[in-house]
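Structure file data.pdb (PDB, N, CA and C atoms) is printed below.
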```pdb
ATOM      1  N   PRO A   1       5.705 -16.313  20.484
ATOM      2  CA  PRO A   1       7.008 -16.098  19.850
ATOM      3  C   PRO A   1       7.900 -15.195  20.697
ATOM      4  N   CYS A   2       9.175 -15.251  20.423
ATOM      5  CA  CYS A   2      10.132 -14.428  21.148
ATOM      6  C   CYS A   2       9.760 -12.954  20.987
ATOM      7  N   GLY A   3       9.738 -12.235  22.077
ATOM      8  CA  GLY A   3       9.415 -10.813  22.043
ATOM      9  C   GLY A   3       7.961 -10.495  22.306
ATOM     10  N   PHE A   4       7.087 -11.502  22.309
ATOM     11  CA  PHE A   4       5.665 -11.261  22.558
ATOM     12  C   PHE A   4       5.467 -10.715  23.960
ATOM     13  N   ALA A   5       4.715  -9.655  24.065
ATOM     14  CA  ALA A   5       4.380  -9.076  25.368
ATOM     15  C   ALA A   5       2.862  -8.960  25.456
ATOM     16  N   PRO A   6       2.233  -9.576  26.434
ATOM     17  CA  PRO A   6       0.780  -9.519  26.538
ATOM     18  C   PRO A   6       0.239  -8.110  26.777
ATOM     19  N   SER A   7       1.099  -7.163  27.100
ATOM     20  CA  SER A   7       0.668  -5.788  27.307
ATOM     21  C   SER A   7       0.987  -4.908  26.103
ATOM     22  N   GLY A   8       1.321  -5.515  24.971
ATOM     23  CA  GLY A   8       1.700  -4.770  23.773
ATOM     24  C   GLY A   8       0.552  -3.993  23.163
ATOM     25  N   ALA A   9       0.829  -3.364  22.017
ATOM     26  CA  ALA A   9      -0.134  -2.479  21.357
ATOM     27  C   ALA A   9      -1.446  -3.169  21.007
ATOM     28  N   ASP A  10      -1.420  -4.453  20.669
ATOM     29  CA  ASP A  10      -2.631  -5.162  20.278
ATOM     30  C   ASP A  10      -3.160  -6.063  21.387
ATOM     31  N   ALA A  11      -2.884  -5.712  22.629
ATOM     32  CA  ALA A  11      -3.265  -6.561  23.764
ATOM     33  C   ALA A  11      -4.760  -6.857  23.795
ATOM     34  N   ALA A  12      -5.580  -5.928  23.329
ATOM     35  CA  ALA A  12      -7.027  -6.159  23.334
ATOM     36  C   ALA A  12      -7.435  -7.233  22.334
ATOM     37  N   HIS A  13      -6.605  -7.470  21.317
ATOM     38  CA  HIS A  13      -6.939  -8.433  20.265
ATOM     39  C   HIS A  13      -6.139  -9.730  20.354
ATOM     40  N   ILE A  14      -5.045  -9.696  21.090
ATOM     41  CA  ILE A  14      -4.173 -10.863  21.206
ATOM     42  C   ILE A  14      -4.103 -11.222  22.688
ATOM     43  N   ALA A  15      -4.399 -12.464  23.000
ATOM     44  CA  ALA A  15      -4.390 -12.858  24.405
ATOM     45  C   ALA A  15      -3.749 -14.227  24.572
ATOM     46  N   VAL A  16      -3.117 -14.414  25.688
ATOM     47  CA  VAL A  16      -2.596 -15.720  26.063
ATOM     48  C   VAL A  16      -3.780 -16.517  26.590
ATOM     49  N   ARG A  17      -3.940 -17.746  26.128
ATOM     50  CA  ARG A  17      -5.107 -18.547  26.498
ATOM     51  C   ARG A  17      -4.690 -19.894  27.083
ATOM     52  N   GLY A  18      -5.668 -20.601  27.602
ATOM     53  CA  GLY A  18      -5.447 -21.953  28.072
ATOM     54  C   GLY A  18      -4.757 -22.046  29.417
ATOM     55  N   GLY A  19      -4.864 -21.036  30.227
ATOM     56  CA  GLY A  19      -4.260 -21.076  31.550
ATOM     57  C   GLY A  19      -2.814 -20.631  31.591
ATOM     58  N   ALA A  20      -2.232 -20.311  30.442
ATOM     59  CA  ALA A  20      -0.826 -19.903  30.412
ATOM     60  C   ALA A  20      -0.594 -18.601  31.179
ATOM     61  N   GLU A  21      -1.619 -17.775  31.311
ATOM     62  CA  GLU A  21      -1.448 -16.516  32.041
ATOM     63  C   GLU A  21      -1.096 -16.746  33.506
ATOM     64  N   SER A  22      -1.400 -17.942  34.039
ATOM     65  CA  SER A  22      -1.034 -18.243  35.422
ATOM     66  C   SER A  22       0.154 -19.205  35.507
ATOM     67  N   ASP A  23       0.803 -19.467  34.372
ATOM     68  CA  ASP A  23       1.966 -20.364  34.313
ATOM     69  C   ASP A  23       3.226 -19.539  34.591
ATOM     70  N   ALA A  24       3.905 -19.833  35.680
ATOM     71  CA  ALA A  24       5.045 -19.031  36.135
ATOM     72  C   ALA A  24       6.212 -18.981  35.150
ATOM     73  N   ASN A  25       6.392 -19.998  34.302
ATOM     74  CA  ASN A  25       7.543 -19.982  33.392
ATOM     75  C   ASN A  25       7.142 -19.803  31.927
ATOM     76  N   PHE A  26       5.913 -19.383  31.661
ATOM     77  CA  PHE A  26       5.461 -19.167  30.283
ATOM     78  C   PHE A  26       5.898 -17.798  29.796
ATOM     79  N   ASN A  27       6.678 -17.761  28.720
ATOM     80  CA  ASN A  27       7.103 -16.520  28.060
ATOM     81  C   ASN A  27       7.706 -15.513  29.050
ATOM     82  N   THR A  28       8.532 -15.991  29.956
ATOM     83  CA  THR A  28       9.145 -15.123  30.958
ATOM     84  C   THR A  28       9.933 -14.000  30.294
ATOM     85  N   HIS A  29       9.557 -12.776  30.576
ATOM     86  CA  HIS A  29      10.228 -11.571  30.049
ATOM     87  C   HIS A  29      10.316 -11.588  28.526
ATOM     88  N   GLY A  30       9.278 -12.075  27.844
ATOM     89  CA  GLY A  30       9.254 -12.074  26.380
ATOM     90  C   GLY A  30      10.211 -13.061  25.742
ATOM     91  N   SER A  31      10.567 -14.128  26.464
ATOM     92  CA  SER A  31      11.544 -15.100  25.959
ATOM     93  C   SER A  31      10.995 -15.986  24.852
ATOM     94  N   GLY A  32       9.658 -16.092  24.754
ATOM     95  CA  GLY A  32       9.059 -16.986  23.770
ATOM     96  C   GLY A  32       9.160 -18.443  24.166
ATOM     97  N   SER A  33       9.467 -18.727  25.421
ATOM     98  CA  SER A  33       9.677 -20.113  25.838
ATOM     99  C   SER A  33       8.683 -20.525  26.922
ATOM    100  N   ASP A  34       8.621 -21.817  27.121
ATOM    101  CA  ASP A  34       7.815 -22.395  28.178
ATOM    102  C   ASP A  34       8.385 -23.763  28.507
ATOM    103  N   THR A  35       8.191 -24.211  29.722
ATOM    104  CA  THR A  35       8.596 -25.549  30.126
ATOM    105  C   THR A  35       7.332 -26.341  30.397
ATOM    106  N   VAL A  36       7.211 -27.482  29.759
ATOM    107  CA  VAL A  36       6.045 -28.337  29.927
ATOM    108  C   VAL A  36       6.518 -29.665  30.508
ATOM    109  N   THR A  37       5.857 -30.107  31.556
ATOM    110  CA  THR A  37       6.197 -31.374  32.199
ATOM    111  C   THR A  37       5.015 -32.320  32.071
ATOM    112  N   TYR A  38       5.281 -33.510  31.572
ATOM    113  CA  TYR A  38       4.254 -34.550  31.476
ATOM    114  C   TYR A  38       4.574 -35.625  32.502
ATOM    115  N   ARG A  39       3.569 -36.029  33.244
ATOM    116  CA  ARG A  39       3.708 -37.131  34.187
ATOM    117  C   ARG A  39       2.739 -38.220  33.738
ATOM    118  N   ILE A  40       3.283 -39.374  33.419
ATOM    119  CA  ILE A  40       2.481 -40.470  32.900
ATOM    120  C   ILE A  40       2.663 -41.677  33.805
ATOM    121  N   ALA A  41       1.566 -42.149  34.359
ATOM    122  CA  ALA A  41       1.617 -43.335  35.226
ATOM    123  C   ALA A  41       1.791 -44.572  34.354
ATOM    124  N   LEU A  42       2.792 -45.372  34.678
ATOM    125  CA  LEU A  42       3.069 -46.601  33.936
ATOM    126  C   LEU A  42       2.866 -47.809  34.839
ATOM    127  N   PRO A  43       2.389 -48.887  34.254
ATOM    128  CA  PRO A  43       2.255 -50.102  35.065
ATOM    129  C   PRO A  43       3.640 -50.640  35.416
ATOM    130  N   PRO A  44       3.765 -51.338  36.543
ATOM    131  CA  PRO A  44       5.064 -51.888  36.939
ATOM    132  C   PRO A  44       5.664 -52.831  35.895
ATOM    133  N   SER A  45       4.807 -53.410  35.066
ATOM    134  CA  SER A  45       5.289 -54.361  34.061
ATOM    135  C   SER A  45       5.871 -53.670  32.827
ATOM    136  N   ALA A  46       5.803 -52.336  32.767
ATOM    137  CA  ALA A  46       6.326 -51.612  31.599
ATOM    138  C   ALA A  46       7.823 -51.838  31.481
ATOM    139  N   ALA A  47       8.245 -52.310  30.342
ATOM    140  CA  ALA A  47       9.664 -52.594  30.120
ATOM    141  C   ALA A  47      10.255 -51.494  29.254
ATOM    142  N   LYS A  48      10.467 -51.770  27.989
ATOM    143  CA  LYS A  48      11.043 -50.796  27.073
ATOM    144  C   LYS A  48       9.957 -49.842  26.563
ATOM    145  N   LEU A  49      10.270 -48.557  26.577
ATOM    146  CA  LEU A  49       9.325 -47.538  26.129
ATOM    147  C   LEU A  49       9.912 -46.741  24.980
ATOM    148  N   SER A  50       9.053 -46.338  24.103
ATOM    149  CA  SER A  50       9.430 -45.454  23.006
ATOM    150  C   SER A  50       8.545 -44.212  23.108
ATOM    151  N   ILE A  51       9.180 -43.058  23.175
ATOM    152  CA  ILE A  51       8.452 -41.799  23.315
ATOM    153  C   ILE A  51       8.807 -40.905  22.132
ATOM    154  N   GLU A  52       7.789 -40.375  21.504
ATOM    155  CA  GLU A  52       7.995 -39.461  20.384
ATOM    156  C   GLU A  52       7.143 -38.221  20.611
ATOM    157  N   VAL A  53       7.776 -37.046  20.538
ATOM    158  CA  VAL A  53       7.069 -35.783  20.735
ATOM    159  C   VAL A  53       7.370 -34.831  19.583
ATOM    160  N   GLU A  54       6.420 -33.940  19.322
ATOM    161  CA  GLU A  54       6.602 -32.917  18.298
ATOM    162  C   GLU A  54       6.073 -31.591  18.838
ATOM    163  N   LEU A  55       6.734 -30.530  18.491
ATOM    164  CA  LEU A  55       6.262 -29.194  18.788
ATOM    165  C   LEU A  55       5.775 -28.612  17.466
ATOM    166  N   LEU A  56       4.484 -28.302  17.407
ATOM    167  CA  LEU A  56       3.878 -27.765  16.193
ATOM    168  C   LEU A  56       3.466 -26.320  16.444
ATOM    169  N   TYR A  57       3.527 -25.508  15.397
ATOM    170  CA  TYR A  57       3.123 -24.102  15.488
ATOM    171  C   TYR A  57       2.062 -23.835  14.442
ATOM    172  N   GLN A  58       1.006 -23.179  14.865
ATOM    173  CA  GLN A  58      -0.047 -22.756  13.944
ATOM    174  C   GLN A  58      -0.379 -21.318  14.303
ATOM    175  N   SER A  59      -0.221 -20.412  13.345
ATOM    176  CA  SER A  59      -0.358 -18.986  13.650
ATOM    177  C   SER A  59      -1.776 -18.570  14.007
ATOM    178  N   VAL A  60      -2.760 -19.261  13.476
ATOM    179  CA  VAL A  60      -4.147 -18.913  13.766
ATOM    180  C   VAL A  60      -4.860 -20.177  14.245
ATOM    181  N   PRO A  61      -5.451 -20.136  15.445
ATOM    182  CA  PRO A  61      -6.132 -21.323  15.944
ATOM    183  C   PRO A  61      -7.354 -21.665  15.078
ATOM    184  N   PRO A  62      -7.633 -22.956  14.893
ATOM    185  CA  PRO A  62      -8.760 -23.371  14.046
ATOM    186  C   PRO A  62     -10.093 -22.740  14.452
ATOM    187  N   GLU A  63     -10.327 -22.543  15.764
ATOM    188  CA  GLU A  63     -11.605 -21.952  16.176
ATOM    189  C   GLU A  63     -11.733 -20.498  15.721
ATOM    190  N   ALA A  64     -10.627 -19.769  15.656
ATOM    191  CA  ALA A  64     -10.655 -18.392  15.159
ATOM    192  C   ALA A  64     -10.915 -18.381  13.659
ATOM    193  N   VAL A  65     -10.311 -19.311  12.947
ATOM    194  CA  VAL A  65     -10.534 -19.414  11.500
ATOM    195  C   VAL A  65     -11.999 -19.726  11.221
ATOM    196  N   ALA A  66     -12.580 -20.641  11.984
ATOM    197  CA  ALA A  66     -13.987 -21.017  11.774
ATOM    198  C   ALA A  66     -14.895 -19.797  11.906
ATOM    199  N   ARG A  67     -14.628 -18.949  12.916
ATOM    200  CA  ARG A  67     -15.444 -17.731  13.078
ATOM    201  C   ARG A  67     -15.284 -16.807  11.873
ATOM    202  N   LEU A  68     -14.049 -16.639  11.400
ATOM    203  CA  LEU A  68     -13.817 -15.754  10.259
ATOM    204  C   LEU A  68     -14.444 -16.294   8.979
ATOM    205  N   LEU A  69     -14.364 -17.607   8.777
ATOM    206  CA  LEU A  69     -14.934 -18.191   7.566
ATOM    207  C   LEU A  69     -16.448 -18.043   7.528
ATOM    208  N   ASN A  70     -17.073 -17.902   8.683
ATOM    209  CA  ASN A  70     -18.528 -17.723   8.747
ATOM    210  C   ASN A  70     -18.941 -16.254   8.774
ATOM    211  N   SER A  71     -17.983 -15.348   8.779
ATOM    212  CA  SER A  71     -18.281 -13.922   8.852
ATOM    213  C   SER A  71     -18.564 -13.362   7.463
ATOM    214  N   ARG A  72     -19.365 -12.315   7.413
ATOM    215  CA  ARG A  72     -19.710 -11.694   6.130
ATOM    216  C   ARG A  72     -18.948 -10.387   5.877
ATOM    217  N   GLY A  73     -18.104  -9.959   6.807
ATOM    218  CA  GLY A  73     -17.357  -8.719   6.636
ATOM    219  C   GLY A  73     -16.356  -8.816   5.482
ATOM    220  N   LEU A  74     -16.037  -7.693   4.867
ATOM    221  CA  LEU A  74     -15.116  -7.676   3.728
ATOM    222  C   LEU A  74     -13.735  -8.191   4.103
ATOM    223  N   GLU A  75     -13.238  -7.773   5.278
ATOM    224  CA  GLU A  75     -11.915  -8.228   5.704
ATOM    225  C   GLU A  75     -11.918  -9.732   5.962
ATOM    226  N   ALA A  76     -12.980 -10.234   6.571
ATOM    227  CA  ALA A  76     -13.082 -11.671   6.845
ATOM    228  C   ALA A  76     -13.156 -12.457   5.541
ATOM    229  N   GLN A  77     -13.863 -11.941   4.564
ATOM    230  CA  GLN A  77     -13.950 -12.623   3.267
ATOM    231  C   GLN A  77     -12.593 -12.641   2.568
ATOM    232  N   ALA A  78     -11.837 -11.532   2.669
ATOM    233  CA  ALA A  78     -10.491 -11.488   2.084
ATOM    234  C   ALA A  78      -9.588 -12.502   2.781
ATOM    235  N   PHE A  79      -9.680 -12.580   4.115
ATOM    236  CA  PHE A  79      -8.901 -13.561   4.861
ATOM    237  C   PHE A  79      -9.275 -14.972   4.419
ATOM    238  N   ALA A  80     -10.557 -15.238   4.276
ATOM    239  CA  ALA A  80     -11.021 -16.574   3.879
ATOM    240  C   ALA A  80     -10.436 -16.980   2.533
ATOM    241  N   ARG A  81     -10.379 -16.047   1.588
ATOM    242  CA  ARG A  81      -9.797 -16.357   0.267
ATOM    243  C   ARG A  81      -8.315 -16.709   0.406
ATOM    244  N   MET A  82      -7.571 -15.916   1.182
ATOM    245  CA  MET A  82      -6.148 -16.196   1.381
ATOM    246  C   MET A  82      -5.948 -17.519   2.124
ATOM    247  N   TYR A  83      -6.748 -17.745   3.154
ATOM    248  CA  TYR A  83      -6.620 -18.948   3.981
ATOM    249  C   TYR A  83      -6.849 -20.210   3.144
ATOM    250  N   ARG A  84      -7.828 -20.167   2.280
ATOM    251  CA  ARG A  84      -8.152 -21.345   1.452
ATOM    252  C   ARG A  84      -7.061 -21.646   0.426
ATOM    253  N   ARG A  85      -6.190 -20.685   0.139
ATOM    254  CA  ARG A  85      -5.097 -20.899  -0.822
ATOM    255  C   ARG A  85      -3.847 -21.484  -0.176
ATOM    256  N   THR A  86      -3.828 -21.602   1.130
ATOM    257  CA  THR A  86      -2.642 -22.115   1.828
ATOM    258  C   THR A  86      -2.852 -23.566   2.236
ATOM    259  N   SER A  87      -1.771 -24.212   2.653
ATOM    260  CA  SER A  87      -1.875 -25.609   3.075
ATOM    261  C   SER A  87      -2.565 -25.735   4.432
ATOM    262  N   ASN A  88      -2.502 -24.701   5.266
ATOM    263  CA  ASN A  88      -3.152 -24.668   6.575
ATOM    264  C   ASN A  88      -2.674 -25.748   7.536
ATOM    265  N   LYS A  89      -1.558 -26.369   7.234
ATOM    266  CA  LYS A  89      -1.018 -27.394   8.122
ATOM    267  C   LYS A  89      -0.121 -26.732   9.169
ATOM    268  N   PRO A  90      -0.157 -27.223  10.404
ATOM    269  CA  PRO A  90       0.755 -26.683  11.408
ATOM    270  C   PRO A  90       2.209 -26.908  10.988
ATOM    271  N   GLU A  91       3.070 -25.990  11.377
ATOM    272  CA  GLU A  91       4.497 -26.098  11.068
ATOM    273  C   GLU A  91       5.196 -26.898  12.162
ATOM    274  N   ARG A  92       5.999 -27.858  11.767
ATOM    275  CA  ARG A  92       6.751 -28.657  12.736
ATOM    276  C   ARG A  92       7.997 -27.865  13.133
ATOM    277  N   ILE A  93       8.089 -27.512  14.391
ATOM    278  CA  ILE A  93       9.205 -26.737  14.901
ATOM    279  C   ILE A  93      10.341 -27.650  15.351
ATOM    280  N   GLN A  94      10.001 -28.693  16.087
ATOM    281  CA  GLN A  94      11.010 -29.585  16.641
ATOM    282  C   GLN A  94      10.367 -30.926  16.958
ATOM    283  N   GLY A  95      11.174 -31.957  16.943
ATOM    284  CA  GLY A  95      10.707 -33.288  17.306
ATOM    285  C   GLY A  95      11.805 -34.051  18.024
ATOM    286  N   GLN A  96      11.410 -35.022  18.800
ATOM    287  CA  GLN A  96      12.380 -35.834  19.546
ATOM    288  C   GLN A  96      11.798 -37.225  19.738
ATOM    289  N   ARG A  97      12.653 -38.228  19.618
ATOM    290  CA  ARG A  97      12.263 -39.614  19.881
ATOM    291  C   ARG A  97      13.231 -40.184  20.913
ATOM    292  N   LEU A  98      12.665 -40.793  21.946
ATOM    293  CA  LEU A  98      13.478 -41.373  23.017
ATOM    294  C   LEU A  98      13.122 -42.834  23.203
ATOM    295  N   GLU A  99      14.136 -43.639  23.429
ATOM    296  CA  GLU A  99      13.945 -45.047  23.770
ATOM    297  C   GLU A  99      14.372 -45.203  25.222
ATOM    298  N   LEU A 100      13.477 -45.680  26.059
ATOM    299  CA  LEU A 100      13.766 -45.858  27.480
ATOM    300  C   LEU A 100      13.638 -47.314  27.867
TER
END
```
Target encoding structure tokens, full file:
Amino acid sequence: PCGFAPSGADAAHIAVRGGAESDANFNTHGSGSDTVTYRIALPPSAAKLSIEVELLYQSVPPEAVARLLNSRGLEAQAFARMYRRTSNKPERIQGQRLEL
């Protein structure tokens, strides 16, 4: 998100993952942005194309939730109760459809 700094107060608990730490344009100066480029090889016979993309946001990754749901700590159990009461669906931030 905008303003996130990997060196912030909770840096030991919050980390950028998936190789983004070596991505030159990821969250530049706390901008909350990134540029992603997809290169897709198409056969020469490809005529009309339809492309649909969505940007989804999920505040807690499923693998982190799985660890918490299996934990016996009081805080983890409280989180599990709250988590089970929510829809747990990723939030759709933006979408785009292109016809080429």
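For A:Ile93, the non-local neighbours within 6.5 Å, defined as residues at least 6 positions apart in the same chain or in other chains and counting all atoms listed in the file, are A:Glu54, A:Leu55, A:Leu56, A:Tyr57.
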For the structure I just gave you, how does DSSP split chain A - specifically, which residues are helix (DSSP H, G or I)? Reply as a ChimeraX atom specification.
/A:20-22,28-30,62-69,74-84
Just to confirm, what's the straight-line distance from atom C of A:Glu99 to atom C of A:Glu52 in Å (one decimal)?
11.1 Å
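A straight line drawn from atom N of A:Lys48 to atom N of A:Gln96 is 19.1 Å long.
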What is the distance, in Å and to one decimal place, between atom CA of A:Leu98 and atom CA of A:Ala41?
17.1 Å
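Residue-level DSSP output for chain A, from the backbone, shows strand (DSSP E or B) at A:Ser50, A:Ile51, A:Glu52, A:Val53, A:Glu54, A:Leu55, A:Leu56, A:Tyr57, A:Glu91, A:Arg92, A:Ile93, A:Gln94, A:Gly95, A:Gln96, A:Arg97, A:Leu98, A:Glu99.
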Just want the 12 Å neighbourhood of A:Lys89, counted on only C-alpha atoms, with same-chain residues fewer than 6 positions away dropped. Output as an NGL selection string.
:A and (56-62 or 83)
Let me have the centre and edge lengths of the axis-aligned box enclosing all listed atoms of stretch 56-61 of chain A with 5 Å padding on every side, in Å to one decimal, as lines of an AutoDock Vina configuration file.
```
center_x = -1.4
center_y = -23.4
center_z = 15.4
size_x = 21.8
size_y = 19.7
size_z = 14.1
```
Contacts of A:Asn25 within 8 Å, only C-alpha atoms, excl. fewer than 6 positions in-chain, as a PDB file with N, CA and C atoms, in the frame of the given file:
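Result file out_17.pdb:
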```
ATOM      1  N   SER A  33       9.467 -18.727  25.421  1.00  0.00           N
ATOM      2  CA  SER A  33       9.677 -20.113  25.838  1.00  0.00           C
ATOM      3  C   SER A  33       8.683 -20.525  26.922  1.00  0.00           C
ATOM      4  N   ASP A  34       8.621 -21.817  27.121  1.00  0.00           N
ATOM      5  CA  ASP A  34       7.815 -22.395  28.178  1.00  0.00           C
ATOM      6  C   ASP A  34       8.385 -23.763  28.507  1.00  0.00           C
ATOM      7  N   THR A  35       8.191 -24.211  29.722  1.00  0.00           N
ATOM      8  CA  THR A  35       8.596 -25.549  30.126  1.00  0.00           C
ATOM      9  C   THR A  35       7.332 -26.341  30.397  1.00  0.00           C
TER      10      THR A  35
END
```
Since the input lacks some atoms of stretch 62-82 of chain A, please model N, CA, C and O atoms and print them as an mmCIF file, in the frame of the given file.
```cif
data_model
loop_
_atom_site.group_PDB
_atom_site.id
_atom_site.type_symbol
_atom_site.label_atom_id
_atom_site.label_comp_id
_atom_site.auth_asym_id
_atom_site.auth_seq_id
_atom_site.Cartn_x
_atom_site.Cartn_y
_atom_site.Cartn_z
ATOM 1 N N PRO A 62 -7.633 -22.956 14.893
ATOM 2 C CA PRO A 62 -8.760 -23.371 14.046
ATOM 3 C C PRO A 62 -10.093 -22.740 14.452
ATOM 4 O O PRO A 62 -10.906 -22.408 13.588
ATOM 5 N N GLU A 63 -10.327 -22.543 15.764
ATOM 6 C CA GLU A 63 -11.605 -21.952 16.176
ATOM 7 C C GLU A 63 -11.733 -20.498 15.721
ATOM 8 O O GLU A 63 -12.824 -20.030 15.392
ATOM 9 N N ALA A 64 -10.627 -19.769 15.656
ATOM 10 C CA ALA A 64 -10.655 -18.392 15.159
ATOM 11 C C ALA A 64 -10.915 -18.381 13.659
ATOM 12 O O ALA A 64 -11.669 -17.544 13.151
ATOM 13 N N VAL A 65 -10.311 -19.311 12.947
ATOM 14 C CA VAL A 65 -10.534 -19.414 11.500
ATOM 15 C C VAL A 65 -11.999 -19.726 11.221
ATOM 16 O O VAL A 65 -12.611 -19.131 10.332
ATOM 17 N N ALA A 66 -12.580 -20.641 11.984
ATOM 18 C CA ALA A 66 -13.987 -21.017 11.774
ATOM 19 C C ALA A 66 -14.895 -19.797 11.906
ATOM 20 O O ALA A 66 -15.809 -19.611 11.095
ATOM 21 N N ARG A 67 -14.628 -18.949 12.916
ATOM 22 C CA ARG A 67 -15.444 -17.731 13.078
ATOM 23 C C ARG A 67 -15.284 -16.807 11.873
ATOM 24 O O ARG A 67 -16.256 -16.245 11.374
ATOM 25 N N LEU A 68 -14.049 -16.639 11.400
ATOM 26 C CA LEU A 68 -13.817 -15.754 10.259
ATOM 27 C C LEU A 68 -14.444 -16.294 8.979
ATOM 28 O O LEU A 68 -14.983 -15.534 8.174
ATOM 29 N N LEU A 69 -14.364 -17.607 8.777
ATOM 30 C CA LEU A 69 -14.934 -18.191 7.566
ATOM 31 C C LEU A 69 -16.448 -18.043 7.528
ATOM 32 O O LEU A 69 -17.043 -18.036 6.447
ATOM 33 N N ASN A 70 -17.073 -17.902 8.683
ATOM 34 C CA ASN A 70 -18.528 -17.723 8.747
ATOM 35 C C ASN A 70 -18.941 -16.254 8.774
ATOM 36 O O ASN A 70 -20.127 -15.958 8.781
ATOM 37 N N SER A 71 -17.983 -15.348 8.779
ATOM 38 C CA SER A 71 -18.281 -13.922 8.852
ATOM 39 C C SER A 71 -18.564 -13.362 7.463
ATOM 40 O O SER A 71 -18.064 -13.844 6.457
ATOM 41 N N ARG A 72 -19.365 -12.315 7.413
ATOM 42 C CA ARG A 72 -19.710 -11.694 6.130
ATOM 43 C C ARG A 72 -18.948 -10.387 5.877
ATOM 44 O O ARG A 72 -19.113 -9.770 4.841
ATOM 45 N N GLY A 73 -18.104 -9.959 6.807
ATOM 46 C CA GLY A 73 -17.357 -8.719 6.636
ATOM 47 C C GLY A 73 -16.356 -8.816 5.482
ATOM 48 O O GLY A 73 -15.878 -9.901 5.153
ATOM 49 N N LEU A 74 -16.037 -7.693 4.867
ATOM 50 C CA LEU A 74 -15.116 -7.676 3.728
ATOM 51 C C LEU A 74 -13.735 -8.191 4.103
ATOM 52 O O LEU A 74 -13.127 -8.961 3.352
ATOM 53 N N GLU A 75 -13.238 -7.773 5.278
ATOM 54 C CA GLU A 75 -11.915 -8.228 5.704
ATOM 55 C C GLU A 75 -11.918 -9.732 5.962
ATOM 56 O O GLU A 75 -10.969 -10.442 5.610
ATOM 57 N N ALA A 76 -12.980 -10.234 6.571
ATOM 58 C CA ALA A 76 -13.082 -11.671 6.845
ATOM 59 C C ALA A 76 -13.156 -12.457 5.541
ATOM 60 O O ALA A 76 -12.551 -13.530 5.417
ATOM 61 N N GLN A 77 -13.863 -11.941 4.564
ATOM 62 C CA GLN A 77 -13.950 -12.623 3.267
ATOM 63 C C GLN A 77 -12.593 -12.641 2.568
ATOM 64 O O GLN A 77 -12.214 -13.636 1.958
ATOM 65 N N ALA A 78 -11.837 -11.532 2.669
ATOM 66 C CA ALA A 78 -10.491 -11.488 2.084
ATOM 67 C C ALA A 78 -9.588 -12.502 2.781
ATOM 68 O O ALA A 78 -8.822 -13.220 2.136
ATOM 69 N N PHE A 79 -9.680 -12.580 4.115
ATOM 70 C CA PHE A 79 -8.901 -13.561 4.861
ATOM 71 C C PHE A 79 -9.275 -14.972 4.419
ATOM 72 O O PHE A 79 -8.397 -15.816 4.212
ATOM 73 N N ALA A 80 -10.557 -15.238 4.276
ATOM 74 C CA ALA A 80 -11.021 -16.574 3.879
ATOM 75 C C ALA A 80 -10.436 -16.980 2.533
ATOM 76 O O ALA A 80 -10.002 -18.124 2.350
ATOM 77 N N ARG A 81 -10.379 -16.047 1.588
ATOM 78 C CA ARG A 81 -9.797 -16.357 0.267
ATOM 79 C C ARG A 81 -8.315 -16.709 0.406
ATOM 80 O O ARG A 81 -7.844 -17.699 -0.169
ATOM 81 N N MET A 82 -7.571 -15.916 1.182
ATOM 82 C CA MET A 82 -6.148 -16.196 1.381
ATOM 83 C C MET A 82 -5.948 -17.519 2.124
ATOM 84 O O MET A 82 -5.090 -18.314 1.763
#
```
